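Participant: So here's protein_38.cif (mmCIF, C-alpha atoms).
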```cif
data_work
#
loop_
_atom_site.label_atom_id
_atom_site.label_comp_id
_atom_site.auth_asym_id
_atom_site.auth_seq_id
_atom_site.Cartn_x
_atom_site.Cartn_y
_atom_site.Cartn_z
CA MET A 14 6.52 36.77 14.00
CA LEU A 15 9.07 34.17 15.06
CA ALA A 16 11.60 33.26 12.37
CA MET A 17 15.07 31.84 11.94
CA ASN A 18 17.53 34.70 11.41
CA TYR A 19 20.94 34.24 9.75
CA ARG A 20 23.62 36.35 11.43
CA GLY A 21 26.73 35.06 9.63
CA PRO A 22 28.62 31.77 9.24
CA PHE A 23 27.74 29.31 12.02
CA ARG A 24 25.46 31.92 13.61
CA VAL A 25 21.67 31.70 13.47
CA ARG A 26 19.10 32.67 16.05
CA ALA A 27 15.39 32.69 16.72
CA ASP A 28 14.12 36.19 15.93
CA TYR A 29 10.84 37.01 17.66
CA TYR A 30 10.39 40.36 15.94
CA LYS A 31 10.66 39.67 12.22
CA PRO A 32 7.83 41.51 10.42
CA ASP A 33 5.00 39.33 9.16
CA PRO A 34 5.10 38.80 5.38
CA GLU A 35 2.55 40.66 3.28
CA ILE A 36 0.90 40.17 -0.09
CA GLU A 37 3.16 41.92 -2.59
CA HIS A 38 1.57 40.70 -5.81
CA PRO A 39 -1.97 39.56 -6.69
CA GLY A 40 -0.61 36.03 -7.27
CA ASP A 41 0.85 35.69 -3.77
CA ALA A 42 -0.41 33.70 -0.81
CA ILE A 43 0.53 33.90 2.85
CA VAL A 44 1.01 30.51 4.49
CA ARG A 45 1.09 29.80 8.22
CA VAL A 46 3.86 27.24 8.54
CA THR A 47 3.08 23.94 10.27
CA ARG A 48 6.34 22.14 9.55
CA SER A 49 9.67 23.06 8.03
CA CYS A 50 12.91 21.14 7.66
CA ILE A 51 16.62 21.79 7.91
CA CYS A 52 18.16 20.47 4.72
CA GLY A 53 21.73 19.38 4.17
CA SER A 54 22.01 22.16 1.61
CA ASP A 55 20.98 24.65 4.31
CA LEU A 56 24.25 23.75 5.99
CA HIS A 57 26.13 25.17 3.00
CA LEU A 58 24.44 28.49 3.78
CA TYR A 59 25.04 28.09 7.50
CA HIS A 60 28.73 27.43 6.89
CA GLY A 61 29.10 30.54 4.73
CA LEU A 62 29.78 28.73 1.45
CA VAL A 63 26.96 30.18 -0.68
CA PRO A 64 27.54 33.65 -2.15
CA ASP A 65 25.20 36.52 -1.31
CA THR A 66 23.70 34.93 1.79
CA ARG A 67 22.71 38.09 3.60
CA VAL A 68 22.41 38.76 7.31
CA GLY A 69 18.74 38.73 8.28
CA THR A 70 17.78 36.05 5.77
CA THR A 71 15.38 33.31 6.85
CA PHE A 72 16.30 29.88 5.51
CA GLY A 73 14.01 26.96 4.80
CA HIS A 74 12.98 25.59 1.42
CA GLU A 75 11.05 22.58 2.75
CA PHE A 76 7.78 23.49 4.43
CA THR A 77 4.06 22.84 4.73
CA GLY A 78 1.36 25.08 6.10
CA VAL A 79 -2.15 26.51 6.04
CA VAL A 80 -3.19 29.28 3.65
CA VAL A 81 -4.24 32.36 5.66
CA GLU A 82 -4.44 34.98 2.91
CA THR A 83 -4.48 35.05 -0.88
CA GLY A 84 -3.86 37.73 -3.47
CA ALA A 85 -6.66 38.98 -5.71
CA SER A 86 -5.71 36.79 -8.69
CA VAL A 87 -5.20 33.49 -6.85
CA GLU A 88 -7.79 30.95 -8.05
CA LYS A 89 -6.59 27.50 -6.99
CA LEU A 90 -6.16 28.10 -3.26
CA LYS A 91 -8.47 29.37 -0.55
CA VAL A 92 -7.98 30.33 3.06
CA GLY A 93 -7.78 27.22 5.22
CA ASP A 94 -6.22 24.94 2.60
CA GLN A 95 -3.39 22.80 3.94
CA VAL A 96 -0.57 22.84 1.42
CA LEU A 97 2.90 21.54 0.79
CA VAL A 98 5.12 24.03 -0.98
CA PRO A 99 7.80 22.80 -3.42
CA PHE A 100 11.19 24.38 -2.85
CA ASN A 101 11.18 25.70 -6.44
CA VAL A 102 9.78 29.20 -6.89
CA ALA A 103 8.31 28.88 -10.38
CA CYS A 104 6.04 31.04 -12.50
CA GLY A 105 4.47 28.20 -14.48
CA VAL A 106 4.34 30.09 -17.78
CA CYS A 107 7.91 30.78 -18.95
CA PRO A 108 9.42 28.48 -21.61
CA LEU A 109 11.33 26.50 -18.98
CA CYS A 110 8.29 25.95 -16.78
CA LYS A 111 6.35 24.81 -19.85
CA GLN A 112 9.01 22.10 -20.22
CA GLU A 113 8.31 21.18 -16.56
CA LEU A 114 11.77 22.43 -15.61
CA TYR A 115 10.39 24.20 -12.57
CA GLY A 116 13.78 24.29 -10.88
CA ASN A 117 15.06 26.43 -13.75
CA CYS A 118 12.24 28.98 -13.98
CA HIS A 119 13.58 32.17 -15.51
CA GLU A 120 10.90 34.58 -14.30
CA ALA A 121 11.37 33.70 -10.62
CA ASN A 122 15.02 34.73 -10.72
CA PRO A 123 15.58 36.79 -13.87
CA GLY A 124 18.81 38.33 -12.64
CA ALA A 125 20.62 34.98 -12.77
CA THR A 126 21.51 32.82 -15.74
CA ALA A 127 22.64 29.74 -13.84
CA VAL A 128 20.06 29.18 -11.08
CA GLY A 129 16.31 29.35 -10.67
CA GLY A 130 14.36 30.64 -7.70
CA ALA A 131 14.21 28.83 -4.36
CA PHE A 132 12.79 29.64 -0.98
CA GLY A 133 15.28 30.62 1.70
CA TYR A 134 18.39 30.08 -0.37
CA SER A 135 20.25 33.38 -0.52
CA HIS A 136 19.85 36.24 -2.98
CA LEU A 137 21.69 34.07 -5.48
CA ALA A 138 18.42 32.13 -5.77
CA GLY A 139 16.16 35.15 -5.83
CA GLY A 140 16.27 36.42 -2.27
CA TYR A 141 13.02 34.78 -1.15
CA ASP A 142 12.63 34.27 2.58
CA GLY A 143 12.09 30.66 3.55
CA GLY A 144 9.78 28.62 5.72
CA GLN A 145 11.76 28.34 8.95
CA ALA A 146 9.29 30.85 10.33
CA GLU A 147 5.70 31.14 11.50
CA TYR A 148 4.55 32.66 8.21
CA VAL A 149 5.91 32.86 4.67
CA ARG A 150 4.97 34.68 1.49
CA VAL A 151 4.51 32.24 -1.40
CA PRO A 152 4.71 33.83 -4.88
CA TYR A 153 2.95 32.23 -7.87
CA ALA A 154 0.52 30.61 -5.47
CA ASP A 155 -1.48 28.97 -8.26
CA VAL A 156 1.64 27.12 -9.47
CA GLY A 157 3.71 25.54 -6.71
CA PRO A 158 1.60 24.94 -3.59
CA THR A 159 -0.23 21.62 -3.62
CA ILE A 160 -3.15 20.78 -1.36
CA ILE A 161 -2.14 17.93 0.93
CA PRO A 162 -4.37 14.88 0.37
CA GLY A 163 -6.28 13.86 3.48
CA ASP A 164 -4.60 10.46 3.66
CA ILE A 165 -1.04 11.88 3.64
CA HIS A 166 0.62 12.32 7.03
CA PRO A 167 1.96 15.85 7.61
CA ASP A 168 5.47 14.50 8.26
CA ASP A 169 5.39 12.74 4.90
CA ALA A 170 4.04 15.85 3.19
CA VAL A 171 6.91 18.09 4.28
CA LEU A 172 9.44 15.66 2.83
CA LEU A 173 7.63 15.73 -0.52
CA THR A 174 8.70 19.37 -0.90
CA ASP A 175 12.33 18.42 -1.65
CA VAL A 176 14.00 15.30 -0.25
CA VAL A 177 11.81 12.62 -1.82
CA PRO A 178 11.53 14.15 -5.33
CA THR A 179 15.22 15.11 -5.32
CA GLY A 180 16.27 11.58 -4.45
CA TYR A 181 13.89 10.20 -7.05
CA GLN A 182 15.10 12.57 -9.76
CA ALA A 183 18.69 11.63 -8.94
CA ALA A 184 17.82 8.03 -9.80
CA GLU A 185 15.68 9.05 -12.76
CA MET A 186 18.48 11.13 -14.33
CA GLY A 187 20.78 8.13 -13.97
CA GLY A 188 18.81 6.32 -16.67
CA ILE A 189 18.97 3.17 -14.55
CA ARG A 190 18.20 -0.03 -16.42
CA LYS A 191 17.31 -3.47 -15.11
CA GLY A 192 20.26 -5.05 -13.35
CA ASP A 193 22.43 -1.91 -13.23
CA THR A 194 24.94 -1.30 -10.47
CA VAL A 195 24.25 2.10 -8.92
CA VAL A 196 26.66 3.90 -6.60
CA VAL A 197 25.36 6.76 -4.45
CA PHE A 198 27.92 9.08 -2.88
CA GLY A 199 26.46 10.47 0.34
CA ALA A 200 24.18 8.93 2.96
CA GLY A 201 22.37 12.10 3.93
CA PRO A 202 18.59 12.31 3.40
CA VAL A 203 18.83 12.83 -0.39
CA GLY A 204 21.38 10.04 -0.80
CA ILE A 205 19.19 7.74 1.29
CA MET A 206 16.20 8.51 -0.94
CA ALA A 207 18.26 8.13 -4.11
CA ALA A 208 19.39 4.68 -2.97
CA LYS A 209 15.82 3.70 -2.11
CA CYS A 210 14.45 4.97 -5.42
CA ALA A 211 17.18 3.30 -7.50
CA TRP A 212 15.40 -0.01 -6.93
CA LEU A 213 12.24 1.44 -8.50
CA PHE A 214 14.07 1.76 -11.81
CA GLY A 215 15.31 -1.83 -11.76
CA ALA A 216 18.76 -1.56 -10.20
CA GLY A 217 20.38 -4.90 -9.54
CA ARG A 218 22.84 -3.60 -6.97
CA VAL A 219 22.93 -0.37 -4.95
CA ILE A 220 26.06 0.80 -3.11
CA VAL A 221 26.27 3.86 -0.85
CA ILE A 222 29.54 5.55 0.12
CA ASP A 223 29.85 7.82 3.17
CA HIS A 224 32.03 8.08 6.28
CA LEU A 225 29.54 8.39 9.13
CA GLU A 226 28.71 4.96 10.50
CA TYR A 227 25.30 5.89 11.89
CA ARG A 228 24.22 7.15 8.47
CA LEU A 229 25.63 4.07 6.75
CA GLU A 230 23.72 1.83 9.14
CA PHE A 231 20.55 3.81 8.56
CA VAL A 232 20.75 3.56 4.77
CA ARG A 233 21.52 -0.17 4.92
CA ASN A 234 18.29 -0.72 6.80
CA TYR A 235 16.12 1.86 5.02
CA ALA A 236 17.21 1.24 1.42
CA GLN A 237 18.30 -2.40 1.69
CA CYS A 238 21.63 -1.65 0.07
CA GLU A 239 25.35 -2.09 0.58
CA ALA A 240 27.04 0.78 2.40
CA TYR A 241 30.72 1.46 3.00
CA ASP A 242 32.86 3.89 4.96
CA PHE A 243 35.27 5.35 2.40
CA ARG A 244 37.92 5.71 5.10
CA SER A 245 38.14 1.93 5.33
CA LEU A 246 38.44 1.42 1.58
CA GLY A 247 41.81 3.05 0.89
CA ASP A 248 41.01 4.34 -2.58
CA PRO A 249 37.21 4.29 -3.03
CA VAL A 250 37.54 4.43 -6.82
CA LEU A 251 39.78 1.37 -6.86
CA PHE A 252 37.42 -0.46 -4.51
CA LEU A 253 34.44 0.28 -6.76
CA LYS A 254 36.39 -0.84 -9.82
CA LYS A 255 37.34 -4.11 -8.16
CA THR A 256 33.82 -4.85 -6.97
CA THR A 257 32.43 -4.31 -10.50
CA ASP A 258 34.93 -6.58 -12.31
CA TYR A 259 36.95 -3.47 -13.21
CA TYR A 260 34.22 -2.11 -15.46
CA GLY A 261 32.95 0.50 -13.02
CA ALA A 262 29.40 1.22 -11.93
CA ASP A 263 26.69 1.72 -14.53
CA VAL A 264 25.41 4.81 -12.73
CA CYS A 265 26.99 7.08 -10.11
CA ILE A 266 24.99 9.65 -8.16
CA ASP A 267 26.58 12.63 -6.39
CA ALA A 268 24.34 13.43 -3.42
CA VAL A 269 27.05 15.19 -1.41
CA GLY A 270 28.03 18.44 -3.06
CA CYS A 271 30.33 21.23 -2.02
CA GLU A 272 31.25 20.01 1.48
CA ALA A 273 32.44 16.54 0.59
CA ALA A 274 35.14 15.03 2.77
CA GLY A 275 37.80 12.58 1.63
CA SER A 276 40.41 14.70 -0.14
CA PHE A 277 42.75 17.15 1.55
CA LEU A 278 43.35 19.04 -1.71
CA GLN A 279 39.64 19.40 -2.50
CA THR A 280 38.83 20.38 1.09
CA PHE A 281 41.59 22.98 1.23
CA THR A 282 40.83 24.57 -2.14
CA GLY A 283 37.05 24.23 -2.02
CA ARG A 284 36.10 24.80 1.61
CA LYS A 285 39.03 26.54 3.28
CA GLY A 286 40.68 28.58 0.54
CA MET A 287 37.46 29.13 -1.48
CA LEU A 288 39.46 28.71 -4.68
CA GLN A 289 36.75 26.62 -6.30
CA GLY A 290 32.98 26.24 -5.91
CA GLY A 291 33.24 23.74 -3.09
CA SER A 292 34.99 20.46 -2.47
CA ALA A 293 34.21 18.29 -5.51
CA THR A 294 35.52 15.03 -4.03
CA ALA A 295 32.29 13.10 -4.53
CA LEU A 296 31.92 14.29 -8.12
CA TYR A 297 35.57 13.42 -8.77
CA TRP A 298 35.02 9.91 -7.43
CA ALA A 299 31.77 9.53 -9.38
CA ILE A 300 33.42 10.39 -12.69
CA ASN A 301 36.30 8.03 -12.07
CA SER A 302 34.13 5.20 -10.68
CA VAL A 303 31.51 5.05 -13.41
CA LYS A 304 32.03 2.72 -16.36
CA LYS A 305 32.88 3.86 -19.88
CA GLY A 306 29.67 5.08 -21.40
CA GLY A 307 28.08 5.33 -17.95
CA ILE A 308 25.96 8.08 -16.45
CA VAL A 309 26.80 10.44 -13.60
CA SER A 310 23.78 12.11 -11.98
CA VAL A 311 24.33 15.22 -9.87
CA VAL A 312 21.67 16.67 -7.56
CA SER A 313 23.99 18.24 -5.02
CA VAL A 314 24.86 21.91 -4.50
CA TYR A 315 28.05 23.51 -5.80
CA GLY A 316 29.04 27.15 -6.02
CA PRO A 317 28.84 29.26 -9.18
CA THR A 318 32.60 29.16 -9.83
CA GLY A 319 34.55 26.34 -11.47
CA ASN A 320 35.49 23.07 -9.81
CA PHE A 321 38.50 20.79 -10.11
CA ILE A 322 37.06 17.73 -11.83
CA PRO A 323 38.64 15.32 -14.34
CA ILE A 324 36.84 16.60 -17.42
CA GLY A 325 39.25 14.68 -19.65
CA ASN A 326 37.96 11.43 -18.16
CA VAL A 327 34.41 12.53 -18.90
CA VAL A 328 35.32 12.92 -22.57
CA ASN A 329 37.58 9.91 -22.94
CA LYS A 330 35.20 7.55 -21.15
CA GLY A 331 32.15 8.82 -23.02
CA ILE A 332 30.35 9.64 -19.79
CA THR A 333 26.95 11.31 -19.75
CA LEU A 334 26.64 13.98 -17.04
CA ARG A 335 23.10 14.85 -15.99
CA ALA A 336 22.37 17.44 -13.34
CA ASN A 337 19.56 19.66 -12.15
CA GLN A 338 17.46 20.87 -9.27
CA ALA A 339 14.47 18.59 -8.84
CA SER A 340 11.28 19.63 -10.61
CA VAL A 341 9.09 18.96 -7.60
CA LYS A 342 5.76 19.88 -9.18
CA ARG A 343 6.34 17.46 -12.06
CA LEU A 344 7.18 14.59 -9.74
CA LEU A 345 4.61 15.08 -6.98
CA PRO A 346 1.83 12.87 -8.43
CA LYS A 347 4.28 10.00 -8.83
CA MET A 348 5.74 10.52 -5.35
CA ILE A 349 2.28 10.47 -3.78
CA GLU A 350 1.52 7.27 -5.66
CA HIS A 351 4.68 5.59 -4.35
CA LEU A 352 3.94 6.82 -0.84
CA ARG A 353 0.40 5.43 -0.93
CA SER A 354 1.69 2.12 -2.24
CA GLY A 355 3.94 1.86 0.80
CA TYR A 356 7.11 1.69 -1.25
CA ILE A 357 8.56 4.84 0.27
CA ASP A 358 8.13 5.94 3.87
CA PRO A 359 9.49 9.50 3.98
CA LYS A 360 8.77 10.25 7.63
CA ALA A 361 10.92 7.29 8.69
CA ILE A 362 14.04 9.37 8.02
CA ILE A 363 12.97 12.06 10.52
CA THR A 364 15.07 11.64 13.63
CA HIS A 365 14.50 14.97 15.39
CA ARG A 366 11.50 17.25 15.88
CA VAL A 367 12.56 20.57 17.36
CA PRO A 368 10.57 23.69 18.31
CA LEU A 369 11.37 26.61 16.05
CA GLU A 370 12.40 28.55 19.14
CA GLU A 371 15.40 26.19 19.41
CA VAL A 372 16.51 26.62 15.79
CA ALA A 373 20.10 27.58 16.74
CA ASP A 374 20.53 24.34 18.68
CA ALA A 375 18.93 22.39 15.82
CA TYR A 376 21.44 23.75 13.31
CA HIS A 377 24.36 22.95 15.61
CA LEU A 378 23.05 19.42 16.15
CA PHE A 379 22.71 18.77 12.43
CA SER A 380 25.93 20.51 11.42
CA ALA A 381 28.05 18.70 14.02
CA LYS A 382 26.37 15.35 13.25
CA LEU A 383 25.34 14.88 16.88
CA ASP A 384 22.83 12.44 18.33
CA ASN A 385 22.70 10.36 15.12
CA CYS A 386 20.81 13.16 13.38
CA ILE A 387 19.50 12.29 9.90
CA LYS A 388 16.64 14.74 9.34
CA THR A 389 15.30 17.55 11.52
CA VAL A 390 11.80 19.01 11.39
CA LEU A 391 11.12 22.40 12.98
CA ILE A 392 7.71 23.02 14.55
CA PRO A 393 6.62 26.67 14.91
CA PRO A 394 4.55 27.58 17.98
CA SER A 395 1.75 28.67 15.64
CA ALA A 396 1.62 25.24 13.94
CA GLY A 397 -1.42 24.13 15.88
CA ALA A 398 -0.38 20.47 15.58
#
```
Show the structure stored in the file as structure tokens.
Facilitator:
Amino acid sequence: MLAMNYRGPFRVRADYYKPDPEIEHPGDAIVRVTRSCICGSDLHLYHGLVPDTRVGTTFGHEFTGVVVETGASVEKLKVGDQVLVPFNVACGVCPLCKQELYGNCHEANPGATAVGGAFGYSHLAGGYDGGQAEYVRVPYADVGPTIIPGDIHPDDAVLLTDVVPTGYQAAEMGGIRKGDTVVVFGAGPVGIMAAKCAWLFGAGRVIVIDHLEYRLEFVRNYAQCEAYDFRSLGDPVLFLKKTTDYYGADVCIDAVGCEAAGSFLQTFTGRKGMLQGGSATALYWAINSVKKGGIVSVVSVYGPTGNFIPIGNVVNKGITLRANQASVKRLLPKMIEHLRSGYIDPKAIITHRVPLEEVADAYHLFSAKLDNCIKTVLIPPSAGA
């Protein structure tokens, strides 16, 4: 089959000879992919920042498709079902899944204590091949895959696998109350969705911080929020203090993660020297910009090693830190409801649709921030649509 093939940092290619996936367990399903996305967190893999990302791996944790085969014990799916597949690989029965913490499932990645299972996200997250391919094996097929309702557009459905629920959970974990000032660091797809969803919880003011003008302009229009280029602010923390009467924001959301720009020291130690688990600039700013007693919500990706953050300020300011991978399965009914109501329009953030055969060019486009790229969807030749 045709699949994206990782060959090392900044090197991916379209592999026409990857073996088709097979049923390995009675609970598996094989899905013919109709759409998959390149996520901002895929760039961390592409840039060589995630440990144990092995040559030959196929990325892609956001995908939809058609069921073409099921294992003997699969009961909820049948051949021909069109499904969206949450990025979490989750068993559904372990103690964490029973708490609806599907992003922390222990059974899907029992060799790790600090990360659950995820499609296409290195052996650190279980070693599951992802959906940037014509076909993918989906374990625990009675748990994650959700049949796409007939009134949901396929482009909307693929964004319900990660971006929309992750942005929503970022706002949810912030404990936003009516009238709160919410600051979102990062105007990528997740930051855009977090800003949009903050209004659902009653935010009175939403501010987004980034440094790419085309993304700032996009989020201003899509999420009806304020948006600022941190390079024009001098000290972003001081700016945010001043604009909140020196109290600080009620809630800060880190939607950037380990490749944040804005600090030479963080960039050098976190991205160049690999002395910490990524550049924690956005998290640093979030901690220092939130008010005393405020909440910092983190949905971005960092490495497994320590990071240079002002933990003393967390203690002395009485800050609540909340962080997790989104529990997509838990949030899907609510996300579909908001989509049907017209409040969110996921497919509006898609700027590029690229044939899977051109996956190398698509990664370069997204990584280099060319052509005002916000979100890229890959279409396999076998998609049939």
Participant: Go through the shown structure with the PyMOL selection byres ((chain A and resi 33) around 9) and write out the matching residues as a list in words.
Facilitator: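 Taken over the shown coordinates, the PyMOL selection byres ((chain A and resi 33) around 9) returns Met14, Leu15, Tyr30, Lys31, Pro32, Pro34, Glu35, Glu147, Tyr148, Val149 and Arg150 of chain A.
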Participant: Please provide as a ChimeraX atom specification all residues within 8 Å of range 77-89 of chain A, with the sequence filter that same-chain residues fewer than 4 positions apart are discarded (counting only C-alpha atoms).
Facilitator: /A:36,38-49,93-98,154-155,167,170-171,396
Participant: Have a look at A:Gly133, A:Gly21, A:Gly180, A:Gly261 and name the one nearest to Leu344 in chain A; count all atoms listed in the file.
Facilitator: A:Gly180
Participant: What residues come out when you apply the PyMOL selection byres ((chain A and resi 192) around 12) to this file, written as a PyMOL selection string?
Facilitator: chain A and resi 188-191+193-195+211-219+262-264
Participant: Spell out the residues picked by the PyMOL selection byres ((chain A and resi 183) around 7) here, as a tab-separated table (two decimals) with C-alpha atoms, in the coordinates of the input.
Facilitator:
```tsv
chain	number	residue	atom	x	y	z
A	179	THR	CA	15.22	15.11	-5.32
A	180	GLY	CA	16.27	11.58	-4.45
A	181	TYR	CA	13.89	10.20	-7.05
A	182	GLN	CA	15.10	12.57	-9.76
A	184	ALA	CA	17.82	8.03	-9.80
A	185	GLU	CA	15.68	9.05	-12.76
A	186	MET	CA	18.48	11.13	-14.33
A	187	GLY	CA	20.78	8.13	-13.97
A	207	ALA	CA	18.26	8.13	-4.11
A	266	ILE	CA	24.99	9.65	-8.16
A	310	SER	CA	23.78	12.11	-11.98
A	311	VAL	CA	24.33	15.22	-9.87
A	312	VAL	CA	21.67	16.67	-7.56
```
Participant: Using only C-alpha atoms, which of A:Asn329, A:Asn301, A:Thr318, A:Gln237 sits nearest Cys265 in chain A?
Facilitator: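 For Cys265 in chain A, the nearest of the given residues is A:Asn301.
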Participant: Rank nothing, just name the residue among A:Lys347, A:Arg24, A:His365, A:Lys209 nearest to Leu173 in chain A, using only C-alpha atoms.
Facilitator: A:Lys347
Participant: Go ahead and compute the interatomic distance for CA of Ala373 in chain A and CA of Ile51 in chain A, in Å to one decimal.
Facilitator: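 We find that CA of Ala373 in chain A and CA of Ile51 in chain A lie 11.1 Å from each other.
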Participant: List the residues sitting within 10 Å of (43.7, 18.4, -4.2) in the file's frame, using all atoms listed in the file, as a list in words.
Facilitator: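 Residues lying no farther than 10 Å from the given point: Ser276, Phe277, Leu278, Gln279, Thr280, Phe281, Thr282, Gly283, Ser292, Ala293, Thr294 and Phe321 of chain A.
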Participant: Suppose you want the space between CA of Met206 in chain A and CA of Val177 in chain A; what is it in Å?
Facilitator: 6.1 Å
Participant: What does the distance between CA of Tyr153 in chain A and CA of Phe100 in chain A come to in Å, to one decimal place?
Facilitator: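 So the two atoms, CA of Tyr153 in chain A and CA of Phe100 in chain A, lie 12.4 Å apart.
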Participant: Env of Arg233 in chain A: 12 Å cut, atoms = only C-alpha atoms, seq-sep filter 2 positions within chain, self excluded. Answer as a list in words.
Facilitator: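 After dropping sequence-adjacent residues, the list is Ala200, Gly204, Ile205, Met206, Ala208, Lys209, Val219, Ile220, Val221, Ile222, Asp223, Glu226, Tyr227, Arg228, Leu229, Glu230, Phe231, Tyr235, Ala236, Gln237, Cys238, Glu239, Ala240 and Tyr241 of chain A.
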Participant: So, with all atoms listed in the file as the atoms that count, which of A:Ala295, A:Leu369, A:Val328, A:Val390 lies closest to Tyr29 in chain A?
Facilitator: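 Counting all atoms listed in the file, the residue closest to Tyr29 in chain A is A:Leu369.
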Participant: Taking all atoms listed in the file into account, which of A:Gly73, A:His224, A:Gly316, A:Ser302 comes nearest Tyr259 in chain A?
Facilitator: A:Ser302
Participant: Please provide as a list in words all residues within 12 Å of Val367 in chain A, with the sequence filter that same-chain residues fewer than 3 positions apart are discarded (counting all atoms listed in the file).
Facilitator: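 Contacts, with the query itself left out: Arg48, Ser49, Cys50, Ile51, Gln145, Ile363, Thr364, Glu370, Glu371, Val372, Ala373, Asp374, Ala375, Tyr376, Leu378, Phe379, Cys386, Lys388, Thr389, Val390, Leu391, Ile392, Pro393 and Pro394 of chain A.
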Participant: Include C-alpha atoms and write out the residues we just selected as a PDB file, in the frame of the given file.
Facilitator:
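So the final result, stored in result-v6.pdb, reads:
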```
ATOM      1  CA  ARG A  48       6.340  22.140   9.550  1.00  0.00           C
ATOM      2  CA  SER A  49       9.670  23.060   8.030  1.00  0.00           C
ATOM      3  CA  CYS A  50      12.910  21.140   7.660  1.00  0.00           C
ATOM      4  CA  ILE A  51      16.620  21.790   7.910  1.00  0.00           C
ATOM      5  CA  GLN A 145      11.760  28.340   8.950  1.00  0.00           C
ATOM      6  CA  ILE A 363      12.970  12.060  10.520  1.00  0.00           C
ATOM      7  CA  THR A 364      15.070  11.640  13.630  1.00  0.00           C
ATOM      8  CA  GLU A 370      12.400  28.550  19.140  1.00  0.00           C
ATOM      9  CA  GLU A 371      15.400  26.190  19.410  1.00  0.00           C
ATOM     10  CA  VAL A 372      16.510  26.620  15.790  1.00  0.00           C
ATOM     11  CA  ALA A 373      20.100  27.580  16.740  1.00  0.00           C
ATOM     12  CA  ASP A 374      20.530  24.340  18.680  1.00  0.00           C
ATOM     13  CA  ALA A 375      18.930  22.390  15.820  1.00  0.00           C
ATOM     14  CA  TYR A 376      21.440  23.750  13.310  1.00  0.00           C
ATOM     15  CA  LEU A 378      23.050  19.420  16.150  1.00  0.00           C
ATOM     16  CA  PHE A 379      22.710  18.770  12.430  1.00  0.00           C
ATOM     17  CA  CYS A 386      20.810  13.160  13.380  1.00  0.00           C
ATOM     18  CA  LYS A 388      16.640  14.740   9.340  1.00  0.00           C
ATOM     19  CA  THR A 389      15.300  17.550  11.520  1.00  0.00           C
ATOM     20  CA  VAL A 390      11.800  19.010  11.390  1.00  0.00           C
ATOM     21  CA  LEU A 391      11.120  22.400  12.980  1.00  0.00           C
ATOM     22  CA  ILE A 392       7.710  23.020  14.550  1.00  0.00           C
ATOM     23  CA  PRO A 393       6.620  26.670  14.910  1.00  0.00           C
ATOM     24  CA  PRO A 394       4.550  27.580  17.980  1.00  0.00           C
TER      25      PRO A 394
END
```
Participant: Which one of A:Ala16, A:Ile387, A:Ala381, A:Ala273 sits closest to Cys52 in chain A if you count all atoms listed in the file?
Facilitator: A:Ile387
Participant: What's the 10 Å shell around Leu345 in chain A, counting all atoms listed in the file, without same-chain residues fewer than 4 positions away, as a list in words?
Facilitator: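 Once the nearby chain positions are removed, what remains is Pro99, Thr159, Leu173, Thr174, Asp175, Val177, Pro178, Ser340, Val341, Ile349, Glu350 and His351 of chain A.
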